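Accompanying notes for the structure given below.
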Amino acid sequence: VLIEEVLTDEVLIEEVLIEEVSAAEVSEMAQRVANDKPAAASPATKDSDVAGKRSEAPPATAAPAILASAPGPPQEPAKQDAAAYGSIWNTNNWHWEERNCIDTARNELRKALDRCEANGLRHVRELGGACVILKNVEVQGKCGIWIRKGKRILSLELSVAFDWEFRDEFGGALGVKGTGKAIGMTEDDDEPPPKVEVKVSASSSGGKEAKAAGEWMRGKGAVVVGSALEGKDLGAAILAADEAQAKPEADRELRAAD
């Protein structure tokens, strides 16, 4: 009985020691946790921390503005001083308009033949200094300038007929003359010079020199005349003449009054 009591007391002591150790360990662990846990921040501290984080954050980039515009028909440009090519009602020469320029074309074609006569048909070396006179020039066909969006577009289709006569180096009649014509002159840059058809009619007084002059006119003379009537050069001259006829000041006054 005594032995059992002693053993029982030892067990009770051991259990008490275990309980005491366990409680001490638990108390120590709780103290460690309390030391490691940060103190609760006050409201003011929280606000300052948030403000600091906001100040440290990179500035926000503003999103690019996007202009939404629905496509529509082209608008007529604002009024401005434009060349006086179109009619008064045609603001800035923006609207479609067609003008008849056949008179300008006739004048420019005659000028082209005058230059040809002065530079290519005078003092022909092969004929001893004889020269060709062109006269009775008649121009037929059509010529128009289209205006659209401030631009001019030339359209032409012309033919020309003329009389010609040879004179010797002293200005006297050489005894040979004839006619000539050219058709199909256009503004197309790719078109070759028009072909000139020459007919010869020699007078009764015409001799060997007259015959030679007639042959020259059929060959080289026709080429010289044709090169003077090249469409791209004639078209450029017509547009330049049309521009020279414009009167911007008077046109501006009329548009302002209208």
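We label chains A, B, ... in the order they appear in the structure tokens, count residues from 1 in each chain, and number ligands from 1 in the order shown.
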Exercise. Could you pull the residues within 10 Å of Asp188 in chain A, counting only C-alpha atoms, minus those fewer than 5 positions along the same chain, as an NGL selection string?
Worked result: :A and (154-157 or 230-232 or 235)
For this session: Excluding Glu165 in chain A and residues on its chain fewer than 4 positions from it, collect all residues at most 7 Å away from it, counting only C-alpha atoms, and give them as a ChimeraX atom specification.
Result: /A:132-134,176-178
For this session: Measuring atom to atom with only C-alpha atoms, identify which of A:Ala182, A:Val200, A:Ile145, A:Asp114 is nearest to Glu243 in chain A.
Result: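 Among the listed residues, the smallest separation from Glu243 in chain A belongs to A:Ile145.
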Exercise. From the set A:Pro192, A:Gly141, A:Gly172, A:Gly120, which residue has the shortest atom-to-atom contact distance to Cys101 in chain A, counting only C-alpha atoms?
Worked result: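 Among A:Pro192, A:Gly141, A:Gly172, A:Gly120, it is A:Gly141 that comes nearest to Cys101 in chain A.
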